[in-house]
Structure formats: C-alpha cells, structure tokens
file data_39.txt (compact mmCIF, C-alpha atoms and all ligand atoms)
# COMPACT_ATOMS: atom_id res chain seq x y z
CA MET J 115 14.17 18.42 -1.23
CA VAL J 116 12.55 15.02 -1.38
CA SER J 117 13.29 12.67 1.52
CA LEU J 118 11.94 9.18 2.09
CA LYS J 119 14.11 8.66 5.16
CA ASP J 120 12.36 6.42 7.74
CA LYS J 121 9.15 6.42 5.69
CA ASP J 122 6.87 3.42 5.18
CA ILE J 123 5.88 2.52 1.62
CA LEU J 124 2.27 1.39 1.84
CA HIS J 125 0.10 2.76 -0.95
CA GLY J 126 0.39 4.10 -4.49
CA ASN J 127 -1.44 7.26 -3.46
CA GLN J 128 1.21 8.31 -0.92
CA PHE J 129 3.65 9.71 -3.48
CA SER J 130 3.80 13.22 -4.84
CA LYS J 131 4.93 13.65 -8.44
CA LYS J 132 8.20 15.06 -7.06
CA GLU J 133 8.78 11.95 -4.97
CA ILE J 134 8.06 9.65 -7.91
CA ASP J 135 10.52 11.59 -10.06
CA ALA J 136 13.17 11.44 -7.33
CA ILE J 137 12.79 7.67 -6.79
CA LEU J 138 12.97 6.94 -10.50
CA ARG J 139 15.97 9.24 -10.90
CA VAL J 140 17.86 7.41 -8.15
CA ALA J 141 16.85 4.08 -9.72
CA SER J 142 18.27 5.19 -13.02
CA GLU J 143 21.55 6.26 -11.34
CA PHE J 144 21.84 2.79 -9.77
CA GLU J 145 21.09 1.15 -13.11
CA LYS J 146 23.98 3.09 -14.67
CA GLU J 147 26.32 2.31 -11.78
CA LEU J 148 25.56 -1.40 -11.98
CA LYS J 149 26.78 -1.39 -15.57
CA GLN J 150 30.29 -0.63 -14.24
CA LYS J 151 30.32 -2.81 -11.13
CA SER J 152 28.31 -5.57 -9.51
CA SER J 153 27.78 -3.91 -6.14
CA ILE J 154 27.76 -0.55 -4.40
CA SER J 155 28.71 -0.37 -0.71
CA LEU J 156 26.07 2.06 0.38
CA LEU J 157 24.12 0.00 2.92
CA LYS J 158 26.95 -1.97 4.46
CA GLY J 159 25.89 -3.22 7.90
CA LYS J 160 22.18 -2.61 7.26
CA ILE J 161 19.72 -5.49 7.36
CA LEU J 162 16.55 -6.06 5.36
CA ALA J 163 13.98 -8.57 6.61
CA THR J 164 11.62 -10.18 4.12
CA LEU J 165 8.34 -11.46 5.51
CA PHE J 166 6.27 -13.23 2.89
CA PHE J 167 2.98 -14.85 3.87
CA GLU J 168 2.04 -15.40 0.22
CA PRO J 169 4.00 -16.92 -2.68
CA SER J 170 6.50 -14.70 -4.46
CA THR J 171 9.38 -15.10 -6.88
CA ARG J 172 10.23 -11.68 -8.29
CA THR J 173 9.25 -9.35 -5.49
CA ARG J 174 11.09 -11.15 -2.71
CA LEU J 175 14.17 -12.07 -4.73
CA SER J 176 14.50 -8.63 -6.31
CA PHE J 177 14.32 -6.97 -2.89
CA GLU J 178 16.96 -9.38 -1.61
CA THR J 179 19.07 -8.78 -4.72
CA ALA J 180 18.66 -5.01 -4.34
CA MET J 181 19.79 -5.10 -0.71
CA GLN J 182 22.80 -7.28 -1.49
CA ARG J 183 23.83 -5.18 -4.49
CA LEU J 184 23.90 -2.23 -2.05
CA GLY J 185 26.17 -4.15 0.29
CA GLY J 186 23.50 -4.84 2.94
CA GLY J 187 22.40 -8.11 4.47
CA VAL J 188 19.10 -9.98 4.29
CA ILE J 189 17.20 -12.08 6.81
CA SER J 190 14.07 -13.90 5.80
CA LEU J 191 11.21 -15.50 7.67
CA GLY J 192 11.40 -18.35 5.19
CA SER J 193 8.24 -20.41 5.20
CA VAL J 194 5.32 -19.55 7.44
CA GLU J 195 5.26 -23.23 8.49
CA GLY J 196 8.84 -22.98 9.74
CA SER J 197 8.21 -19.90 11.92
CA SER J 198 6.23 -19.15 15.09
CA VAL J 199 3.36 -17.99 12.89
CA ALA J 200 2.58 -21.72 12.69
CA LYS J 201 2.23 -21.69 16.50
CA GLY J 202 -0.40 -19.00 16.28
CA GLU J 203 1.73 -15.88 16.75
CA THR J 204 -0.03 -12.75 15.55
CA LEU J 205 1.20 -10.57 12.70
CA ILE J 206 1.70 -7.72 15.16
CA ASP J 207 3.95 -9.76 17.47
CA THR J 208 5.88 -11.21 14.53
CA VAL J 209 6.54 -7.74 13.14
CA ARG J 210 7.44 -6.31 16.57
CA THR J 211 10.00 -9.07 16.91
CA ILE J 212 11.51 -8.70 13.47
CA SER J 213 11.79 -4.93 13.83
CA GLN J 214 14.26 -5.62 16.67
CA TYR J 215 16.54 -7.38 14.18
CA ALA J 216 16.25 -5.48 10.93
CA ASP J 217 16.56 -1.88 9.71
CA VAL J 218 13.74 -2.22 7.20
CA ILE J 219 10.99 -4.81 6.64
CA VAL J 220 9.33 -5.91 3.41
CA ILE J 221 6.03 -7.67 3.93
CA ARG J 222 3.52 -9.53 1.76
CA HIS J 223 0.32 -10.77 3.36
CA PRO J 224 -3.09 -11.93 2.08
CA ARG J 225 -5.13 -9.36 4.02
CA ILE J 226 -5.90 -5.84 2.75
CA GLY J 227 -4.52 -3.33 5.24
CA SER J 228 -2.02 -5.79 6.74
CA ALA J 229 1.04 -3.77 5.68
CA LYS J 230 -0.38 -0.70 7.43
CA GLU J 231 -0.96 -2.74 10.60
CA ALA J 232 2.58 -4.04 10.35
CA ALA J 233 3.92 -0.49 9.95
CA GLU J 234 2.07 0.59 13.09
CA ALA J 235 3.58 -2.31 15.04
CA SER J 236 7.09 -1.88 13.68
CA SER J 237 9.83 0.35 15.02
CA VAL J 238 11.52 0.37 11.59
CA PRO J 239 10.16 1.31 8.14
CA VAL J 240 7.82 -1.19 6.47
CA ILE J 241 7.44 -1.70 2.72
CA ASN J 242 4.21 -3.20 1.39
CA ALA J 243 5.03 -5.94 -1.13
CA GLY J 244 1.37 -6.77 -1.63
CA ASP J 245 -1.52 -6.74 0.88
CA GLY J 246 -4.06 -9.16 -0.55
CA ALA J 247 -6.18 -7.52 -3.22
CA GLY J 248 -5.10 -4.10 -1.93
CA GLN J 249 -1.91 -2.41 -3.06
CA HIS J 250 1.55 -3.20 -4.42
CA PRO J 251 3.27 0.18 -4.60
CA THR J 252 6.84 -0.94 -5.36
CA GLN J 253 5.59 -2.93 -8.36
CA ALA J 254 3.80 0.20 -9.57
CA LEU J 255 7.01 2.23 -9.31
CA LEU J 256 8.94 -0.32 -11.34
CA ASP J 257 6.09 -0.44 -13.86
CA LEU J 258 6.26 3.32 -14.23
CA TYR J 259 10.06 3.19 -14.51
CA THR J 260 9.63 0.64 -17.31
CA ILE J 261 7.03 2.75 -19.11
CA ARG J 262 9.35 5.77 -19.01
CA LYS J 263 12.25 3.71 -20.35
CA GLU J 264 10.26 1.98 -23.06
CA VAL J 265 8.08 4.84 -24.29
CA GLY J 266 9.05 8.04 -22.49
CA THR J 267 6.73 10.16 -20.38
CA PRO J 268 3.31 8.59 -19.79
CA LYS J 269 1.71 11.97 -20.55
CA GLY J 270 -0.77 11.62 -23.39
CA LEU J 271 -0.50 7.84 -23.66
CA ALA J 272 -3.46 5.54 -24.16
CA ILE J 273 -2.96 2.54 -21.88
CA SER J 274 -4.98 -0.67 -21.67
CA LEU J 275 -4.91 -2.44 -18.31
CA VAL J 276 -6.21 -5.93 -18.94
CA GLY J 277 -7.41 -8.84 -16.80
CA ASP J 278 -8.30 -8.73 -13.12
CA MET J 279 -9.10 -5.14 -12.18
CA LYS J 280 -10.99 -6.22 -9.05
CA TYR J 281 -8.40 -8.24 -7.17
CA GLY J 282 -5.25 -7.10 -9.00
CA ARG J 283 -3.17 -5.10 -6.51
CA THR J 284 -0.59 -4.19 -9.15
CA VAL J 285 -3.15 -2.28 -11.21
CA HIS J 286 -4.68 -0.71 -8.10
CA ALA J 287 -1.29 0.79 -7.28
CA LEU J 288 -0.27 1.59 -10.85
CA VAL J 289 -3.33 3.73 -11.59
CA GLU J 290 -2.51 5.83 -8.52
CA LEU J 291 0.87 6.68 -10.04
CA LEU J 292 -0.57 7.17 -13.53
CA SER J 293 -3.11 9.61 -12.09
CA HIS J 294 -0.26 12.16 -11.98
CA TYR J 295 -0.20 12.17 -15.79
CA GLN J 296 -2.78 12.93 -18.47
CA VAL J 297 -3.26 9.35 -19.61
CA ARG J 298 -6.25 7.69 -21.25
CA LEU J 299 -7.03 4.45 -19.48
CA PHE J 300 -8.91 1.47 -20.86
CA LEU J 301 -9.76 -0.91 -18.02
CA VAL J 302 -10.42 -4.21 -19.78
CA SER J 303 -11.95 -6.92 -17.59
CA PRO J 304 -14.89 -9.28 -17.36
CA ASP J 305 -17.85 -7.46 -15.83
CA SER J 306 -17.42 -9.47 -12.60
CA LEU J 307 -13.82 -8.27 -12.21
CA LYS J 308 -14.22 -4.52 -12.70
CA MET J 309 -11.99 -2.02 -10.89
CA PRO J 310 -13.46 -1.02 -7.48
CA GLU J 311 -15.73 1.99 -7.91
CA GLU J 312 -13.86 4.16 -5.39
CA ILE J 313 -10.70 3.83 -7.47
CA THR J 314 -12.28 4.67 -10.83
CA SER J 315 -14.27 7.59 -9.44
CA ASN J 316 -11.11 8.98 -7.89
CA LEU J 317 -9.30 8.72 -11.25
CA LYS J 318 -12.13 10.51 -13.01
CA ALA J 319 -12.17 13.21 -10.33
CA LYS J 320 -8.50 13.81 -11.13
CA GLY J 321 -9.46 14.43 -14.75
CA LEU J 322 -8.37 11.15 -16.31
CA GLU J 323 -10.29 9.66 -19.17
CA VAL J 324 -11.32 6.17 -17.99
CA VAL J 325 -13.13 3.64 -20.16
CA GLU J 326 -14.27 0.33 -18.67
CA THR J 327 -14.84 -2.35 -21.26
CA GLU J 328 -14.84 -6.09 -21.99
CA ASP J 329 -13.70 -5.48 -25.58
CA LEU J 330 -9.95 -6.21 -25.57
CA MET J 331 -9.44 -5.64 -29.30
CA GLY J 332 -11.37 -2.36 -29.27
CA ALA J 333 -9.23 -1.01 -26.43
CA ALA J 334 -5.88 -2.50 -27.47
CA SER J 335 -6.11 -1.22 -31.04
CA GLN J 336 -6.28 2.36 -29.70
CA SER J 337 -3.51 1.87 -27.13
CA ASP J 338 0.21 2.66 -27.01
CA LEU J 339 0.78 0.20 -24.20
CA ILE J 340 -0.92 -2.90 -22.87
CA TYR J 341 -0.49 -4.01 -19.26
CA MET J 342 -1.68 -7.59 -18.97
CA THR J 343 -2.50 -9.19 -15.62
CA ARG J 344 -3.27 -12.65 -14.33
CA ILE J 345 -6.78 -13.43 -13.12
CA GLN J 346 -6.12 -13.74 -9.37
CA LYS J 347 -7.47 -17.27 -8.89
CA GLU J 348 -6.50 -17.42 -5.20
CA ARG J 349 -8.84 -14.52 -4.37
CA PHE J 350 -12.04 -16.24 -5.55
CA SER J 351 -14.21 -17.71 -2.80
CA ASP J 352 -16.20 -19.59 -5.46
CA LEU J 353 -13.94 -21.36 -7.97
CA SER J 354 -16.80 -21.80 -10.44
CA GLU J 355 -16.72 -18.00 -10.78
CA TYR J 356 -13.04 -18.25 -11.69
CA GLU J 357 -13.79 -20.95 -14.27
CA LYS J 358 -16.22 -18.57 -15.97
CA VAL J 359 -13.60 -15.88 -16.56
CA LYS J 360 -10.28 -17.70 -16.90
CA GLY J 361 -8.67 -17.55 -20.30
CA ARG J 362 -10.95 -14.66 -21.33
CA PHE J 363 -8.17 -12.36 -22.52
CA ILE J 364 -5.21 -13.84 -24.38
CA ILE J 365 -2.58 -12.10 -26.49
CA ASN J 366 -0.71 -13.93 -29.26
CA ARG J 367 1.36 -12.89 -32.30
CA ASP J 368 -1.66 -12.82 -34.55
CA PHE J 369 -3.41 -10.43 -32.16
CA LEU J 370 -0.37 -8.11 -32.21
CA THR J 371 -0.55 -7.70 -35.99
CA GLN J 372 -3.81 -5.80 -35.51
CA LEU J 373 -2.37 -3.24 -33.06
CA LYS J 374 -0.20 -0.12 -33.30
CA LYS J 375 3.20 -1.10 -34.70
CA LYS J 376 5.22 0.03 -31.68
CA ILE J 377 2.87 -1.29 -29.01
CA ILE J 378 4.60 -2.13 -25.72
CA ILE J 379 3.43 -5.12 -23.70
CA LEU J 380 3.98 -5.24 -19.93
CA HIS J 381 2.97 -7.80 -17.31
CA PRO J 382 3.90 -7.90 -13.61
CA LEU J 383 4.21 -11.70 -13.96
CA PRO J 384 3.62 -14.52 -13.21
CA ARG J 385 1.58 -15.17 -16.35
CA VAL J 386 -0.67 -18.14 -16.76
CA ASP J 387 -2.06 -18.13 -20.30
CA GLU J 388 -2.76 -14.44 -20.95
CA ILE J 389 0.39 -13.85 -23.02
CA HIS J 390 1.33 -16.66 -25.39
CA PRO J 391 5.08 -17.45 -25.18
CA GLU J 392 5.35 -16.74 -28.93
CA VAL J 393 4.93 -13.04 -28.03
CA ASP J 394 8.19 -13.10 -26.02
CA THR J 395 10.40 -12.50 -29.07
CA TYR J 396 8.37 -9.50 -30.21
CA PRO J 397 10.56 -6.38 -29.65
CA GLY J 398 7.84 -4.58 -27.69
CA ALA J 399 7.40 -7.47 -25.26
CA ALA J 400 8.99 -5.71 -22.29
CA TYR J 401 7.95 -7.89 -19.36
CA PHE J 402 11.34 -9.46 -18.71
CA ARG J 403 13.03 -6.06 -18.99
CA GLN J 404 10.37 -4.94 -16.51
CA VAL J 405 11.51 -7.71 -14.13
CA ARG J 406 15.09 -6.43 -14.27
CA ASN J 407 13.99 -2.86 -13.58
CA GLY J 408 12.59 -4.07 -10.26
CA ILE J 409 16.12 -4.32 -8.89
CA PHE J 410 17.01 -0.68 -9.59
CA VAL J 411 13.74 0.72 -8.27
CA ARG J 412 13.96 -1.36 -5.09
CA MET J 413 17.59 -0.33 -4.62
CA ALA J 414 16.44 3.28 -4.85
CA LEU J 415 13.70 2.75 -2.27
CA LEU J 416 16.00 0.96 0.20
CA ALA J 417 18.74 3.57 -0.15
CA MET J 418 16.32 6.45 0.27
CA ILE J 419 14.41 4.96 3.20
CA LEU J 420 17.68 4.26 4.98
CA GLY J 421 18.74 7.86 4.41
CA LYS J 422 21.58 7.19 2.00
CA ARG J 423 20.11 9.03 -1.00
C1 LIG K 1 1.90 -9.83 -8.76
C2 LIG K 1 1.44 -9.90 -7.34
O1 LIG K 1 1.94 -10.71 -6.55
O2 LIG K 1 0.57 -9.11 -7.04
N1 LIG K 1 3.17 -10.32 -9.00
C3 LIG K 1 4.27 -9.54 -8.68
O3 LIG K 1 4.44 -9.08 -7.58
N2 LIG K 1 5.15 -9.31 -9.67
C4 LIG K 1 0.89 -10.24 -9.75
C5 LIG K 1 0.24 -11.59 -9.66
O4 LIG K 1 0.48 -12.38 -8.74
O5 LIG K 1 -0.54 -11.88 -10.56

call {"tool": "encode", "arguments": {"input": "data_39.txt", "output": "structure tokens", "more": "lines below"}}
Ligand code: NCD
result
Amino acid sequence: MVSLKDKDILHGNQFSKKEIDAILRVASEFEKELKQKSSISLLKGKILATLFFEPSTRTRLSFETAMQRLGGGVISLGSVEGSSVAKGETLIDTVRTISQYADVIVIRHPRIGSAKEAAEASSVPVINAGDGAGQHPTQALLDLYTIRKEVGTPKGLAISLVGDMKYGRTVHALVELLSHYQVRLFLVSPDSLKMPEEITSNLKAKGLEVVETEDLMGAASQSDLIYMTRIQKERFSDLSEYEKVKGRFIINRDFLTQLKKKIIILHPLPRVDEIHPEVDTYPGAAYFRQVRNGIFVRMALLAMILGKR
C-alpha cells in the first residue's frame, strides 16, 4: 500500500515507481471525476498556504485551483513586500508561523535547499514548488502524467530535453522520474548550460543512455518527444553570459517538418522565444494540455498528503 500521508514533497528522487504510479492513478481518477462535476468535497475544512518568493503563474494558481476543486481553502502570503519578510523575518520563522495556520504548505524560493529547510521548520507537510536551480518535483509529476497521456509509457522512448540543463529545475526533477524507465535521453544545451555532472552520472549509473549535445536537429530528429525549456535568465550572475546563449534553440513549423511525424512537444512554460507561436496549432504541441494536467496531479498530491486517498 502506497501512502503519502503527512509526507513532504521535496525532490524528484524521493519517489518509488509504485508511488509514481499511485499518484498518477489518483490524478487520472480526479480528471475523470472533474468531467462530471466542478468540485469534489474531499478536503472540506482543510487549508493550503502558498508561499511564493519567486514569480509564478501556473504553479501557484494550479495548486490553488486544485485545493479549491477539492473543497479546501487557500491562504497566500501574497507579495513578499506585503509580508513580514520585508521586515527581515527569516524563512524559518515565516514557515513556523504559517504552519500554525495551514494543513499543508507549498513553497517556492530562490535558494537551493530552501524547501527542505522549510520542511524541517514546519509542523505540517511542505511541497517544493521550485527551490532555485534545484528541484521542482510536482512539475515533473505532471510532465510524466502528460507523457503517459500523450504517448503512453515512457519505456523505450527517445526524449530530447532542450535549453537550460544547468539551472532548469524542471528538467532536474523530470530526469529523476524518467530514470525509472528505459528511456534514451538527449540533453541539448549550450556547453555552458550542461546538466550538473552528479545528475548525469547518476542517470548513467541507473543504466540510462544519456547523450549530451549542442546539436538540436541531430537529437530532435531521433526523438519521440521534445521537452523545451526557457534559458533561466534570472539565474545568471553575468548577463553577458546570458546574451551569448539566448535564442540558441528555437522550434518553428519548418523545423517540425524535419522530425518524426507524431513528435510531441512539451514545455513547462513560460516560454520566451524557444517555441514559435505558429507551433501552437500543431496537434503534437501539448504544452497547454500539460498546463491543465497540473491541476489533476496537484489534486492527487494534496488529497494523498492529507490522507484522503
Ligand atoms: C518553471 C519554473 O518555474 O521552474 N515554470 C513552471 O513552474 N511551470 C520553468 C521556468 O520558469 O522556466
């Protein structure tokens, strides 16, 4: 029996294959249920707190949507400027305080390891919604859910992850989940934005075929799925370094004509220029379906953590 009751969600490597399967199964049940009705009263009386120290559109709003669709309530720190963080309150004290109010906390913070610190300070479960260039496990779960819906099992797929492998927390978390399957990974990035060595060596140790390359066409033309990412401009200490790599990898309709016919394109969003809007009407452009899947996966996580599934 899989149980996530009272557990923190901090890192892509924390899940067993059984747990992943269970979360995605519950997500799919909620997706079906939401076709019949607009809400499910499973978490009535429960409160989710969202604590975002970095910009967010999808992650915060989909967590809030998920909680409300399950009948629960949401409190939010709102802007950092409007809270006591602006007076110099520490993350630890902020989290200690909020854990007195809420039953579960979702946090996004610019520092790697911050979600773990928050979890240690909190008396209620903490979900990492992005710790700097570290991890973003709930995004990875919804990415995997999307892959399974769009293509089926990831087993045997060739997947190109493209863009910022160094600072991209979504890809750091996603490869942890994909390491449970026999996938072939092309990590396509500028040389200066390669995936951290400890991650790639770990993938190889698990028997995955990993190719690091700067050749987008070479990798994409062999792939069943392309996962595009934004170059994480805000992580560069030297903006001239960003200028050197921005706009390096761009997908447009013409590019698609040279790939496998049924290629699926994902992106955690927001995009800047890496997917031309003309790609949006291509049937395999799945990134807005991917956005929607975030609700079901986050509903599953909230319900399971709060012991209702
Ligand atoms: C990503 C993030 O914040 O890490 N967005 C998201 O959560 N969907 C990706 C990004 O900002 O580029």

call {"tool": "residues_near_ligand", "arguments": {"input": "data_39.txt", "ligand": "ligand LIG 1 (chain K)", "cutoff": "8 Å", "atoms": "only C-alpha atoms and all ligand atoms", "output": "MDAnalysis selection string"}}
result
chainID J and resid 169:173 243:244 246:247 250 253 282:284 343:346 382:385 405

call {"tool": "axis_aligned_box", "arguments": {"input": "data_39.txt", "around": "region 182-200 of chain J", "padding_each_side": "6 Å", "output": "JSON"}}
result
{"center_x": 14.4, "center_y": -12.7, "center_z": 5.3, "size_x": 35.6, "size_y": 33.0, "size_z": 31.6}

call {"tool": "atom_distance", "arguments": {"input": "data_39.txt", "atom1": "CA of Thr164 (chain J)", "atom2": "CA of Ala235 (chain J)"}}
result
15.7 Å

call {"tool": "closest_residue", "arguments": {"input": "data_39.txt", "among": "J:Ile221, J:Ile313, J:Val209, J:Ala334", "to": "Ala272 (chain J)", "atoms": "only C-alpha atoms"}}
result
J:Ala334

call {"tool": "residues_around", "arguments": {"input": "data_39.txt", "residues": "region 203-205 of chain J", "least_positions_apart": "4", "cutoff": "9 Å", "atoms": "all atoms listed in the file", "output": "PDB file with C-alpha atoms, in the frame of the given file"}}
result
ATOM      1  CA  SER J 198       6.230 -19.150  15.090  1.00  0.00           C
ATOM      2  CA  VAL J 199       3.360 -17.990  12.890  1.00  0.00           C
ATOM      3  CA  VAL J 209       6.540  -7.740  13.140  1.00  0.00           C
ATOM      4  CA  ARG J 210       7.440  -6.310  16.570  1.00  0.00           C
ATOM      5  CA  SER J 228      -2.020  -5.790   6.740  1.00  0.00           C
ATOM      6  CA  GLU J 231      -0.960  -2.740  10.600  1.00  0.00           C
ATOM      7  CA  ALA J 232       2.580  -4.040  10.350  1.00  0.00           C
ATOM      8  CA  ALA J 235       3.580  -2.310  15.040  1.00  0.00           C
TER       9      ALA J 235
END

call {"tool": "atom_distance", "arguments": {"input": "data_39.txt", "atom1": "CA of Ala233 (chain J)", "atom2": "CA of Phe129 (chain J)"}}
result
16.9 Å

call {"tool": "closest_residue", "arguments": {"input": "data_39.txt", "among": "J:Ala229, J:Leu291, J:Ile377, J:Leu275", "to": "Met342 (chain J)", "atoms": "only C-alpha atoms"}}
result
J:Leu275

call {"tool": "residues_near_point", "arguments": {"input": "data_39.txt", "point": "(17.6, -16.6, 5.1)", "cutoff": "10 Å", "atoms": "all atoms listed in the file", "output": "count of residues only"}}
result
9

call {"tool": "atom_distance", "arguments": {"input": "data_39.txt", "atom1": "CA of Leu162 (chain J)", "atom2": "CA of Val220 (chain J)"}}
result
7.5 Å
